[in-house]
>>> print(open('coords.cif').read())   # mmCIF, C-alpha atoms
data_final
#
loop_
_atom_site.group_PDB
_atom_site.id
_atom_site.type_symbol
_atom_site.label_atom_id
_atom_site.label_comp_id
_atom_site.auth_asym_id
_atom_site.auth_seq_id
_atom_site.Cartn_x
_atom_site.Cartn_y
_atom_site.Cartn_z
ATOM 1 C CA MET A 1 9.937 15.348 -32.959
ATOM 2 C CA PRO A 2 11.282 15.312 -29.386
ATOM 3 C CA MET A 3 9.465 13.640 -26.537
ATOM 4 C CA GLN A 4 7.885 16.020 -24.070
ATOM 5 C CA ILE A 5 6.578 15.260 -20.582
ATOM 6 C CA ARG A 6 3.742 17.431 -19.316
ATOM 7 C CA PRO A 7 0.810 17.254 -16.868
ATOM 8 C CA PHE A 8 -2.107 15.039 -17.927
ATOM 9 C CA VAL A 9 -5.218 16.865 -19.133
ATOM 10 C CA GLU A 10 -8.592 15.176 -19.467
ATOM 11 C CA ALA A 11 -8.365 15.261 -23.282
ATOM 12 C CA ASP A 12 -5.420 12.841 -23.018
ATOM 13 C CA TRP A 13 -7.500 10.064 -21.451
ATOM 14 C CA PRO A 14 -8.568 8.373 -24.733
ATOM 15 C CA LYS A 15 -4.843 7.871 -25.442
ATOM 16 C CA VAL A 16 -3.863 7.022 -21.873
ATOM 17 C CA TRP A 17 -6.552 4.397 -21.257
ATOM 18 C CA PRO A 18 -5.282 1.979 -23.966
ATOM 19 C CA ILE A 19 -1.833 2.069 -22.321
ATOM 20 C CA VAL A 20 -3.252 1.422 -18.865
ATOM 21 C CA ARG A 21 -5.535 -1.315 -20.238
ATOM 22 C CA GLU A 22 -2.667 -3.049 -22.047
ATOM 23 C CA VAL A 23 -0.446 -3.025 -18.956
ATOM 24 C CA VAL A 24 -3.186 -4.078 -16.543
ATOM 25 C CA GLN A 25 -4.478 -6.879 -18.789
ATOM 26 C CA ALA A 26 -0.954 -8.238 -19.341
ATOM 27 C CA ALA A 27 -0.893 -8.601 -15.522
ATOM 28 C CA ASP A 28 2.863 -9.171 -15.503
ATOM 29 C CA THR A 29 4.069 -5.908 -13.947
ATOM 30 C CA PHE A 30 1.254 -4.391 -11.833
ATOM 31 C CA ALA A 31 -0.766 -5.858 -8.973
ATOM 32 C CA TYR A 32 -3.927 -4.273 -10.359
ATOM 33 C CA ASP A 33 -7.147 -6.149 -11.094
ATOM 34 C CA PRO A 34 -6.900 -7.242 -14.770
ATOM 35 C CA ALA A 35 -10.698 -6.836 -15.021
ATOM 36 C CA MET A 36 -10.453 -3.160 -14.034
ATOM 37 C CA THR A 37 -13.011 -1.051 -15.901
ATOM 38 C CA GLU A 38 -12.208 2.197 -17.685
ATOM 39 C CA ALA A 39 -13.805 4.185 -14.837
ATOM 40 C CA GLN A 40 -11.786 2.288 -12.215
ATOM 41 C CA ALA A 41 -8.619 2.808 -14.251
ATOM 42 C CA HIS A 42 -9.281 6.540 -14.415
ATOM 43 C CA ALA A 43 -9.900 6.686 -10.648
ATOM 44 C CA THR A 44 -6.708 4.715 -10.009
ATOM 45 C CA TRP A 45 -4.369 6.435 -12.436
ATOM 46 C CA ILE A 46 -5.443 10.073 -12.468
ATOM 47 C CA GLU A 47 -4.142 11.671 -9.271
ATOM 48 C CA ALA A 48 -5.854 14.526 -7.487
ATOM 49 C CA PRO A 49 -3.641 17.166 -5.809
ATOM 50 C CA PRO A 50 -1.260 16.913 -4.015
ATOM 51 C CA GLY A 51 -0.518 14.097 -6.462
ATOM 52 C CA LEU A 52 0.116 14.540 -10.179
ATOM 53 C CA THR A 53 -0.329 12.485 -13.351
ATOM 54 C CA VAL A 54 1.832 13.248 -16.377
ATOM 55 C CA VAL A 55 2.066 12.042 -19.973
ATOM 56 C CA ALA A 56 5.069 11.567 -22.237
ATOM 57 C CA VAL A 57 4.026 12.765 -25.689
ATOM 58 C CA GLU A 58 5.612 12.881 -29.122
ATOM 59 C CA GLY A 59 3.516 15.063 -31.371
ATOM 60 C CA ASP A 60 -0.018 13.810 -30.835
ATOM 61 C CA ARG A 61 1.069 10.339 -29.654
ATOM 62 C CA VAL A 62 1.089 9.400 -25.977
ATOM 63 C CA LEU A 63 4.109 7.158 -25.359
ATOM 64 C CA GLY A 64 3.734 6.681 -21.635
ATOM 65 C CA THR A 65 2.343 8.032 -18.410
ATOM 66 C CA ALA A 66 3.295 8.385 -14.760
ATOM 67 C CA LYS A 67 1.489 9.157 -11.555
ATOM 68 C CA MET A 68 3.050 10.396 -8.337
ATOM 69 C CA GLY A 69 1.932 11.484 -4.879
ATOM 70 C CA PRO A 70 2.422 10.822 -1.166
ATOM 71 C CA ASN A 71 2.963 7.121 -0.452
ATOM 72 C CA ARG A 72 0.867 7.217 2.723
ATOM 73 C CA PRO A 73 -1.345 9.787 4.452
ATOM 74 C CA GLY A 74 -0.648 11.543 7.750
ATOM 75 C CA PRO A 75 2.654 10.571 9.396
ATOM 76 C CA GLY A 76 3.791 8.865 6.171
ATOM 77 C CA SER A 77 3.108 11.721 3.786
ATOM 78 C CA HIS A 78 6.708 13.005 3.553
ATOM 79 C CA VAL A 79 7.643 10.002 1.403
ATOM 80 C CA ALA A 80 6.468 9.979 -2.205
ATOM 81 C CA THR A 81 5.577 7.121 -4.503
ATOM 82 C CA ALA A 82 5.135 6.890 -8.258
ATOM 83 C CA SER A 83 4.085 4.457 -10.978
ATOM 84 C CA PHE A 84 4.969 4.318 -14.660
ATOM 85 C CA MET A 85 3.401 2.771 -17.749
ATOM 86 C CA VAL A 86 4.786 2.824 -21.284
ATOM 87 C CA ALA A 87 2.953 1.814 -24.467
ATOM 88 C CA GLY A 88 4.110 -1.558 -25.813
ATOM 89 C CA ASP A 89 5.337 -0.045 -29.082
ATOM 90 C CA ALA A 90 7.288 2.717 -27.312
ATOM 91 C CA ARG A 91 9.464 0.573 -25.061
ATOM 92 C CA GLY A 92 13.264 0.523 -25.130
ATOM 93 C CA ARG A 93 13.452 4.212 -25.976
ATOM 94 C CA GLY A 94 14.050 5.650 -22.538
ATOM 95 C CA VAL A 95 10.468 6.750 -21.886
ATOM 96 C CA ALA A 96 10.281 5.102 -18.455
ATOM 97 C CA THR A 97 13.630 6.573 -17.414
ATOM 98 C CA ALA A 98 12.510 10.050 -18.490
ATOM 99 C CA LEU A 99 9.212 9.657 -16.605
ATOM 100 C CA CYS A 100 11.024 8.478 -13.486
ATOM 101 C CA ARG A 101 13.404 11.451 -13.606
ATOM 102 C CA VAL A 102 10.386 13.768 -13.801
ATOM 103 C CA ALA A 103 8.822 12.054 -10.785
ATOM 104 C CA LEU A 104 12.037 12.369 -8.760
ATOM 105 C CA ASP A 105 12.359 16.060 -9.682
ATOM 106 C CA TRP A 106 8.721 16.555 -8.692
ATOM 107 C CA ALA A 107 9.304 14.847 -5.328
ATOM 108 C CA ARG A 108 12.392 16.979 -4.662
ATOM 109 C CA GLU A 109 10.588 20.215 -5.567
ATOM 110 C CA HIS A 110 7.631 19.342 -3.354
ATOM 111 C CA GLY A 111 9.698 18.666 -0.257
ATOM 112 C CA TYR A 112 9.466 14.878 -0.076
ATOM 113 C CA VAL A 113 12.430 13.196 1.612
ATOM 114 C CA GLY A 114 12.390 10.090 -0.539
ATOM 115 C CA MET A 115 10.404 7.908 -2.918
ATOM 116 C CA GLN A 116 9.153 4.413 -2.184
ATOM 117 C CA PHE A 117 7.959 1.772 -4.627
ATOM 118 C CA ASN A 118 5.817 -0.729 -2.788
ATOM 119 C CA ALA A 119 5.565 -3.578 -5.269
ATOM 120 C CA VAL A 120 8.125 -3.879 -8.068
ATOM 121 C CA VAL A 121 7.759 -7.287 -9.734
ATOM 122 C CA GLU A 122 11.210 -8.892 -9.493
ATOM 123 C CA THR A 123 10.982 -10.353 -13.013
ATOM 124 C CA ASN A 124 10.394 -6.856 -14.442
ATOM 125 C CA HIS A 125 14.135 -6.558 -14.961
ATOM 126 C CA ALA A 126 13.913 -3.510 -17.206
ATOM 127 C CA ALA A 127 12.153 -1.527 -14.477
ATOM 128 C CA VAL A 128 14.366 -2.803 -11.658
ATOM 129 C CA GLU A 129 17.487 -1.814 -13.619
ATOM 130 C CA ILE A 130 16.154 1.662 -14.405
ATOM 131 C CA TYR A 131 15.291 2.283 -10.768
ATOM 132 C CA LYS A 132 18.700 1.061 -9.573
ATOM 133 C CA ARG A 133 20.466 3.238 -12.119
ATOM 134 C CA LEU A 134 18.520 6.250 -10.825
ATOM 135 C CA GLY A 135 19.611 5.540 -7.259
ATOM 136 C CA PHE A 136 16.896 3.302 -5.814
ATOM 137 C CA THR A 137 17.898 0.431 -3.566
ATOM 138 C CA ILE A 138 15.962 -2.741 -2.775
ATOM 139 C CA ILE A 139 14.767 -2.524 0.849
ATOM 140 C CA GLY A 140 13.443 -6.060 0.770
ATOM 141 C CA THR A 141 11.547 -8.589 -1.318
ATOM 142 C CA VAL A 142 8.286 -10.259 -0.363
ATOM 143 C CA PRO A 143 8.703 -13.825 -1.647
ATOM 144 C CA GLY A 144 6.110 -15.139 -4.087
ATOM 145 C CA ALA A 145 3.780 -12.183 -3.578
ATOM 146 C CA PHE A 146 3.012 -11.719 -7.295
ATOM 147 C CA ALA A 147 1.280 -14.370 -9.440
ATOM 148 C CA HIS A 148 3.036 -13.909 -12.779
ATOM 149 C CA PRO A 149 1.036 -15.216 -15.774
ATOM 150 C CA THR A 150 3.934 -17.326 -17.119
ATOM 151 C CA GLN A 151 6.588 -17.456 -14.368
ATOM 152 C CA GLY A 152 4.469 -18.467 -11.397
ATOM 153 C CA ARG A 153 4.774 -16.764 -8.036
ATOM 154 C CA VAL A 154 7.606 -14.263 -8.076
ATOM 155 C CA GLY A 155 8.751 -11.718 -5.505
ATOM 156 C CA LEU A 156 7.742 -8.103 -5.057
ATOM 157 C CA HIS A 157 10.559 -5.687 -4.261
ATOM 158 C CA ILE A 158 10.104 -2.713 -1.992
ATOM 159 C CA MET A 159 12.471 -0.088 -3.420
ATOM 160 C CA TYR A 160 13.500 3.243 -1.929
ATOM 161 C CA TRP A 161 15.302 6.342 -3.096
ATOM 162 C CA GLU A 162 16.509 8.756 -0.446
ATOM 163 C CA LEU A 163 16.884 12.394 -1.307
ATOM 164 C CA MET B 1 -16.171 -12.807 31.528
ATOM 165 C CA PRO B 2 -13.957 -14.232 28.786
ATOM 166 C CA MET B 3 -12.951 -12.218 25.739
ATOM 167 C CA GLN B 4 -14.635 -13.269 22.542
ATOM 168 C CA ILE B 5 -13.664 -12.367 18.980
ATOM 169 C CA ARG B 6 -16.472 -12.232 16.422
ATOM 170 C CA PRO B 7 -17.313 -10.513 13.128
ATOM 171 C CA PHE B 8 -18.103 -6.794 13.341
ATOM 172 C CA VAL B 9 -21.764 -5.854 13.006
ATOM 173 C CA GLU B 10 -22.922 -2.327 12.308
ATOM 174 C CA ALA B 11 -24.271 -1.947 15.862
ATOM 175 C CA ASP B 12 -20.648 -2.201 17.098
ATOM 176 C CA TRP B 13 -19.551 0.968 15.316
ATOM 177 C CA PRO B 14 -20.321 3.409 18.174
ATOM 178 C CA LYS B 15 -17.855 1.407 20.290
ATOM 179 C CA VAL B 16 -15.307 0.821 17.522
ATOM 180 C CA TRP B 17 -15.057 4.427 16.351
ATOM 181 C CA PRO B 18 -13.631 5.748 19.673
ATOM 182 C CA ILE B 19 -10.875 3.124 19.452
ATOM 183 C CA VAL B 20 -10.050 4.022 15.843
ATOM 184 C CA ARG B 21 -10.194 7.755 16.663
ATOM 185 C CA GLU B 22 -7.871 7.364 19.646
ATOM 186 C CA VAL B 23 -5.305 5.387 17.651
ATOM 187 C CA VAL B 24 -5.466 7.617 14.579
ATOM 188 C CA GLN B 25 -5.250 10.849 16.568
ATOM 189 C CA ALA B 26 -2.290 9.561 18.597
ATOM 190 C CA ALA B 27 -0.578 9.202 15.178
ATOM 191 C CA ASP B 28 2.226 7.092 16.643
ATOM 192 C CA THR B 29 1.387 3.683 15.188
ATOM 193 C CA PHE B 30 -0.656 4.133 11.976
ATOM 194 C CA ALA B 31 0.088 6.123 8.818
ATOM 195 C CA TYR B 32 -3.517 7.299 8.671
ATOM 196 C CA ASP B 33 -4.597 10.927 8.437
ATOM 197 C CA PRO B 34 -5.064 12.124 12.048
ATOM 198 C CA ALA B 35 -7.855 14.407 10.794
ATOM 199 C CA MET B 36 -9.808 11.423 9.441
ATOM 200 C CA THR B 37 -13.560 11.891 9.863
ATOM 201 C CA GLU B 38 -15.877 9.265 11.305
ATOM 202 C CA ALA B 39 -17.173 8.452 7.800
ATOM 203 C CA GLN B 40 -13.638 8.086 6.439
ATOM 204 C CA ALA B 41 -12.704 5.894 9.408
ATOM 205 C CA HIS B 42 -15.699 3.656 8.734
ATOM 206 C CA ALA B 43 -14.791 3.388 5.047
ATOM 207 C CA THR B 44 -11.184 2.586 5.947
ATOM 208 C CA TRP B 45 -11.723 0.150 8.785
ATOM 209 C CA ILE B 46 -14.885 -1.779 7.854
ATOM 210 C CA GLU B 47 -13.924 -4.289 5.169
ATOM 211 C CA ALA B 48 -16.271 -5.498 2.473
ATOM 212 C CA PRO B 49 -15.980 -9.150 1.357
ATOM 213 C CA PRO B 50 -13.624 -10.855 0.642
ATOM 214 C CA GLY B 51 -12.179 -8.915 3.576
ATOM 215 C CA LEU B 52 -13.451 -9.094 7.146
ATOM 216 C CA THR B 53 -13.543 -6.830 10.202
ATOM 217 C CA VAL B 54 -13.800 -8.369 13.664
ATOM 218 C CA VAL B 55 -14.168 -7.098 17.219
ATOM 219 C CA ALA B 56 -12.774 -8.419 20.487
ATOM 220 C CA VAL B 57 -15.530 -8.066 23.078
ATOM 221 C CA GLU B 58 -15.866 -8.689 26.773
ATOM 222 C CA GLY B 59 -19.513 -8.526 27.740
ATOM 223 C CA ASP B 60 -20.728 -5.348 26.103
ATOM 224 C CA ARG B 61 -17.274 -3.733 25.957
ATOM 225 C CA VAL B 62 -15.263 -3.612 22.752
ATOM 226 C CA LEU B 63 -11.587 -4.110 23.658
ATOM 227 C CA GLY B 64 -10.123 -4.073 20.172
ATOM 228 C CA THR B 65 -10.727 -4.607 16.504
ATOM 229 C CA ALA B 66 -8.991 -6.053 13.461
ATOM 230 C CA LYS B 67 -9.482 -5.904 9.738
ATOM 231 C CA MET B 68 -8.127 -8.336 7.180
ATOM 232 C CA GLY B 69 -8.276 -8.895 3.444
ATOM 233 C CA PRO B 70 -6.129 -9.313 0.341
ATOM 234 C CA ASN B 71 -3.042 -7.083 0.457
ATOM 235 C CA ARG B 72 -3.275 -6.236 -3.263
ATOM 236 C CA PRO B 73 -5.760 -6.881 -6.051
ATOM 237 C CA GLY B 74 -5.260 -9.120 -9.094
ATOM 238 C CA PRO B 75 -1.886 -10.885 -9.219
ATOM 239 C CA GLY B 76 -1.203 -9.917 -5.590
ATOM 240 C CA SER B 77 -4.455 -11.172 -4.091
ATOM 241 C CA HIS B 78 -3.091 -14.487 -2.736
ATOM 242 C CA VAL B 79 -1.277 -12.601 0.045
ATOM 243 C CA ALA B 80 -3.366 -11.252 2.916
ATOM 244 C CA THR B 81 -2.863 -8.230 5.114
ATOM 245 C CA ALA B 82 -4.398 -7.199 8.428
ATOM 246 C CA SER B 83 -4.441 -4.314 10.900
ATOM 247 C CA PHE B 84 -5.171 -4.238 14.622
ATOM 248 C CA MET B 85 -6.279 -1.595 17.105
ATOM 249 C CA VAL B 86 -6.734 -2.024 20.837
ATOM 250 C CA ALA B 87 -8.417 0.439 23.222
ATOM 251 C CA GLY B 88 -5.906 2.297 25.390
ATOM 252 C CA ASP B 89 -7.353 0.863 28.609
ATOM 253 C CA ALA B 90 -7.302 -2.709 27.307
ATOM 254 C CA ARG B 91 -3.620 -2.950 26.373
ATOM 255 C CA GLY B 92 -1.199 -5.441 27.860
ATOM 256 C CA ARG B 93 -3.866 -8.125 28.135
ATOM 257 C CA GLY B 94 -3.147 -10.105 24.999
ATOM 258 C CA VAL B 95 -5.948 -8.599 22.914
ATOM 259 C CA ALA B 96 -3.677 -7.797 19.949
ATOM 260 C CA THR B 97 -2.133 -11.261 20.023
ATOM 261 C CA ALA B 98 -5.575 -12.871 20.065
ATOM 262 C CA LEU B 99 -6.737 -10.661 17.165
ATOM 263 C CA CYS B 100 -3.621 -11.493 15.169
ATOM 264 C CA ARG B 101 -4.134 -15.233 15.709
ATOM 265 C CA VAL B 102 -7.696 -14.864 14.412
ATOM 266 C CA ALA B 103 -6.431 -13.019 11.320
ATOM 267 C CA LEU B 104 -3.823 -15.717 10.621
ATOM 268 C CA ASP B 105 -6.436 -18.472 11.019
ATOM 269 C CA TRP B 106 -8.728 -16.538 8.683
ATOM 270 C CA ALA B 107 -5.949 -16.205 6.085
ATOM 271 C CA ARG B 108 -5.155 -19.917 6.301
ATOM 272 C CA GLU B 109 -8.817 -20.920 5.969
ATOM 273 C CA HIS B 110 -9.312 -18.645 2.966
ATOM 274 C CA GLY B 111 -6.371 -20.010 1.018
ATOM 275 C CA TYR B 112 -3.923 -17.142 1.336
ATOM 276 C CA VAL B 113 -0.263 -18.160 1.151
ATOM 277 C CA GLY B 114 0.991 -15.540 3.574
ATOM 278 C CA MET B 115 0.288 -12.271 5.351
ATOM 279 C CA GLN B 116 2.102 -9.004 4.739
ATOM 280 C CA PHE B 117 2.199 -5.915 6.949
ATOM 281 C CA ASN B 118 3.181 -2.942 4.838
ATOM 282 C CA ALA B 119 4.006 -0.326 7.441
ATOM 283 C CA VAL B 120 4.810 -1.396 10.998
ATOM 284 C CA VAL B 121 6.235 1.573 12.912
ATOM 285 C CA GLU B 122 9.610 0.388 14.230
ATOM 286 C CA THR B 123 9.145 2.140 17.586
ATOM 287 C CA ASN B 124 5.896 0.210 18.137
ATOM 288 C CA HIS B 125 7.900 -2.443 19.956
ATOM 289 C CA ALA B 126 4.877 -4.176 21.476
ATOM 290 C CA ALA B 127 3.442 -4.841 18.017
ATOM 291 C CA VAL B 128 6.765 -5.830 16.458
ATOM 292 C CA GLU B 129 7.377 -8.336 19.255
ATOM 293 C CA ILE B 130 3.891 -9.844 18.964
ATOM 294 C CA TYR B 131 4.285 -10.276 15.210
ATOM 295 C CA LYS B 132 7.726 -11.851 15.568
ATOM 296 C CA ARG B 133 6.449 -14.242 18.233
ATOM 297 C CA LEU B 134 3.665 -15.315 15.877
ATOM 298 C CA GLY B 135 6.164 -16.060 13.121
ATOM 299 C CA PHE B 136 6.466 -12.838 11.122
ATOM 300 C CA THR B 137 9.873 -11.763 9.871
ATOM 301 C CA ILE B 138 11.048 -8.295 8.911
ATOM 302 C CA ILE B 139 11.467 -8.194 5.122
ATOM 303 C CA GLY B 140 12.994 -4.732 5.230
ATOM 304 C CA THR B 141 12.673 -1.301 6.819
ATOM 305 C CA VAL B 142 12.061 1.953 4.978
ATOM 306 C CA PRO B 143 14.237 4.460 6.847
ATOM 307 C CA GLY B 144 12.545 7.513 8.323
ATOM 308 C CA ALA B 145 9.264 6.852 6.540
ATOM 309 C CA PHE B 146 7.084 7.600 9.585
ATOM 310 C CA ALA B 147 6.949 11.000 11.311
ATOM 311 C CA HIS B 148 6.516 10.004 14.955
ATOM 312 C CA PRO B 149 5.003 12.755 17.132
ATOM 313 C CA THR B 150 7.774 12.563 19.756
ATOM 314 C CA GLN B 151 10.576 10.440 18.259
ATOM 315 C CA GLY B 152 11.013 12.156 14.910
ATOM 316 C CA ARG B 153 11.307 10.187 11.680
ATOM 317 C CA VAL B 154 11.435 6.488 12.385
ATOM 318 C CA GLY B 155 11.436 3.485 10.086
ATOM 319 C CA LEU B 156 8.523 1.459 8.750
ATOM 320 C CA HIS B 157 8.994 -2.300 8.708
ATOM 321 C CA ILE B 158 7.558 -4.494 6.013
ATOM 322 C CA MET B 159 6.791 -7.771 7.788
ATOM 323 C CA TYR B 160 5.775 -11.119 6.326
ATOM 324 C CA TRP B 161 4.420 -14.392 7.583
ATOM 325 C CA GLU B 162 4.556 -17.333 5.216
ATOM 326 C CA LEU B 163 2.049 -20.129 5.589
#
>>> encode(input="coords.cif", output="structure tokens")
Amino acid sequence: MPMQIRPFVEADWPKVWPIVREVVQAADTFAYDPAMTEAQAHATWIEAPPGLTVVAVEGDRVLGTAKMGPNRPGPGSHVATASFMVAGDARGRGVATALCRVALDWAREHGYVGMQFNAVVETNHAAVEIYKRLGFTIIGTVPGAFAHPTQGRVGLHIMYWEL
Amino acid sequence: MPMQIRPFVEADWPKVWPIVREVVQAADTFAYDPAMTEAQAHATWIEAPPGLTVVAVEGDRVLGTAKMGPNRPGPGSHVATASFMVAGDARGRGVATALCRVALDWAREHGYVGMQFNAVVETNHAAVEIYKRLGFTIIGTVPGAFAHPTQGRVGLHIMYWEL
């Protein structure tokens, strides 16, 4: 059964929340509060317009999810941002790459001039490589800005993709 | 009468709001929504603990204001951030520098390892120079990420000060 990426609907949440919880509690790729409640996770992950949240599904399984929207309000709102989470047992299958392509297409269609990632953990090599392959460059790295659970303080990359 | 910097109290708001409104509506230094309401401005500018908002006062005048707090939650919460606004008729008198020194002292006292500015408008030369003089370096610049009202799309610096 092929993977399909479509907009999130509220009925997906019971399958999205375990993915968000797993990623947030691992605390090795996102600077989110590991004690985040389900309600806080929903408020954080489910974007209101003009943003969008999508899910990657395979039959009735949710493999991963992405959210996208303007990176900043007002004079910064022509640059998009996005975030991606993939279920632990669905990694290494190209889900994140597919989600990122969808986010870039979305940004292009909605008139954004680029996409910025504000805090890519430098030890998250899989993500960094995907983003580079899709055309993102590292604008800079804030040294030691992320307290990794096993690797100590590691850097956070700011990455940018220009349309 | 010497300038004094002290924690914000709710009675200051009627004198802080005009400063925030002026800066946000000018839309040349902050990526905030220029249509921000007073309630949204209060929610944005007045920090709850562990963050702090301060005011620079001279007698019963408010010359400027700063807010400070962790830059990110969870694994990013050991790095601080801060923002500064100075009333139009109080510029060029060292208010921003004094506010920034207070924020750096606050960060040091509260155990932060550094301070990050996420979006310093590159044409805001006065601010960039103050930050550099106080020890901040430019980590990188996102090209064209800020729509300046008269100068078109200009870059946003990410700046960092390491303790």
>>> atom_distance(input="coords.cif", atom1="CA of Leu52 in chain B", atom2="CA of Gly114 in chain B")
16.2 Å
>>> resolve_selection(input="coords.cif", expression="the PyMOL selection byres ((chain A and resi 86) around 8)", output="JSON list (two decimals) with C-alpha atoms, keeping the file's coordinate frame")
[["chain", "number", "residue", "atom", "x", "y", "z"],
["A", 19, "ILE", "CA", -1.83, 2.07, -22.32],
["A", 63, "LEU", "CA", 4.11, 7.16, -25.36],
["A", 64, "GLY", "CA", 3.73, 6.68, -21.64],
["A", 65, "THR", "CA", 2.34, 8.03, -18.41],
["A", 84, "PHE", "CA", 4.97, 4.32, -14.66],
["A", 85, "MET", "CA", 3.40, 2.77, -17.75],
["A", 87, "ALA", "CA", 2.95, 1.81, -24.47],
["A", 88, "GLY", "CA", 4.11, -1.56, -25.81],
["A", 90, "ALA", "CA", 7.29, 2.72, -27.31],
["A", 91, "ARG", "CA", 9.46, 0.57, -25.06],
["A", 95, "VAL", "CA", 10.47, 6.75, -21.89],
["A", 96, "ALA", "CA", 10.28, 5.10, -18.45]]
>>> interface_residues(input="coords.cif", of="chain A", to="chain B", cutoff="7 Å", atoms="only C-alpha atoms", output="list in words")
Ala27, Ala31, Tyr32, Asp33, Pro34, Arg72, Pro73, Gly74, Pro75, Gly76, Val79, Ile139, Gly140, Thr141, Val142, Ala145, Phe146, Ala147 and His148 of chain A
>>> closest_residue(input="coords.cif", among="A:Lys15, A:His42, A:Arg61, A:Arg108", to="Pro2 in chain A", atoms="all atoms listed in the file")
A:Arg61
>>> residues_around(input="coords.cif", residues="range 44-47 of chain A", least_positions_apart="2", cutoff="12 Å", atoms="all atoms listed in the file", output="PyMOL selection string")
chain A and resi 7-10+12-13+16-17+19-21+24+32-33+36-42+49-55+65-70+81-85
>>> atom_distance(input="coords.cif", atom1="CA of Val57 in chain B", atom2="CA of Met3 in chain B")
5.6 Å
>>> atom_distance(input="coords.cif", atom1="CA of Val121 in chain A", atom2="CA of Pro18 in chain A")
21.4 Å
>>> axis_aligned_box(input="coords.cif", around="range 21-28 of chain A", padding_each_side="8 Å", output="AutoDock Vina command-line options")
--center_x -1.3 --center_y -5.2 --center_z -18.8 --size_x 24.4 --size_y 23.9 --size_z 22.5
>>> residues_near_point(input="coords.cif", point="(13.7, 4.0, 13.2)", cutoff="6 Å", atoms="only C-alpha atoms", output="list in words")
Glu122, Val154 and Gly155 of chain B
>>> build_atoms(input="coords.cif", residues="range 127-138 of chain B", atoms="N, CA, C and O atoms", output="mmCIF file, keeping the file's coordinate frame")
data_model
loop_
_atom_site.group_PDB
_atom_site.id
_atom_site.type_symbol
_atom_site.label_atom_id
_atom_site.label_comp_id
_atom_site.auth_asym_id
_atom_site.auth_seq_id
_atom_site.Cartn_x
_atom_site.Cartn_y
_atom_site.Cartn_z
ATOM 1 N N ALA B 127 3.974 -4.190 19.216
ATOM 2 C CA ALA B 127 3.442 -4.841 18.017
ATOM 3 C C ALA B 127 4.506 -5.678 17.320
ATOM 4 O O ALA B 127 4.262 -6.831 16.942
ATOM 5 N N VAL B 128 5.699 -5.097 17.162
ATOM 6 C CA VAL B 128 6.765 -5.830 16.458
ATOM 7 C C VAL B 128 7.050 -7.151 17.176
ATOM 8 O O VAL B 128 7.203 -8.198 16.534
ATOM 9 N N GLU B 129 7.086 -7.111 18.506
ATOM 10 C CA GLU B 129 7.377 -8.336 19.255
ATOM 11 C C GLU B 129 6.271 -9.368 19.113
ATOM 12 O O GLU B 129 6.531 -10.562 18.958
ATOM 13 N N ILE B 130 5.018 -8.917 19.160
ATOM 14 C CA ILE B 130 3.891 -9.844 18.964
ATOM 15 C C ILE B 130 3.992 -10.515 17.589
ATOM 16 O O ILE B 130 3.867 -11.733 17.461
ATOM 17 N N TYR B 131 4.231 -9.721 16.567
ATOM 18 C CA TYR B 131 4.285 -10.276 15.210
ATOM 19 C C TYR B 131 5.435 -11.280 15.079
ATOM 20 O O TYR B 131 5.282 -12.347 14.494
ATOM 21 N N LYS B 132 6.583 -10.917 15.646
ATOM 22 C CA LYS B 132 7.726 -11.851 15.568
ATOM 23 C C LYS B 132 7.394 -13.166 16.285
ATOM 24 O O LYS B 132 7.705 -14.244 15.788
ATOM 25 N N ARG B 133 6.769 -13.041 17.457
ATOM 26 C CA ARG B 133 6.449 -14.242 18.233
ATOM 27 C C ARG B 133 5.486 -15.137 17.461
ATOM 28 O O ARG B 133 5.522 -16.360 17.583
ATOM 29 N N LEU B 134 4.634 -14.526 16.653
ATOM 30 C CA LEU B 134 3.665 -15.315 15.877
ATOM 31 C C LEU B 134 4.263 -15.825 14.562
ATOM 32 O O LEU B 134 3.588 -16.504 13.800
ATOM 33 N N GLY B 135 5.504 -15.479 14.290
ATOM 34 C CA GLY B 135 6.164 -16.060 13.121
ATOM 35 C C GLY B 135 6.464 -15.090 11.985
ATOM 36 O O GLY B 135 6.994 -15.500 10.944
ATOM 37 N N PHE B 136 6.149 -13.819 12.167
ATOM 38 C CA PHE B 136 6.466 -12.838 11.122
ATOM 39 C C PHE B 136 7.963 -12.519 11.140
ATOM 40 O O PHE B 136 8.593 -12.516 12.200
ATOM 41 N N THR B 137 8.497 -12.253 9.962
ATOM 42 C CA THR B 137 9.873 -11.763 9.871
ATOM 43 C C THR B 137 9.862 -10.379 9.233
ATOM 44 O O THR B 137 8.919 -10.016 8.516
ATOM 45 N N ILE B 138 10.907 -9.618 9.513
ATOM 46 C CA ILE B 138 11.048 -8.295 8.911
ATOM 47 C C ILE B 138 11.712 -8.460 7.540
ATOM 48 O O ILE B 138 12.842 -8.931 7.444
#
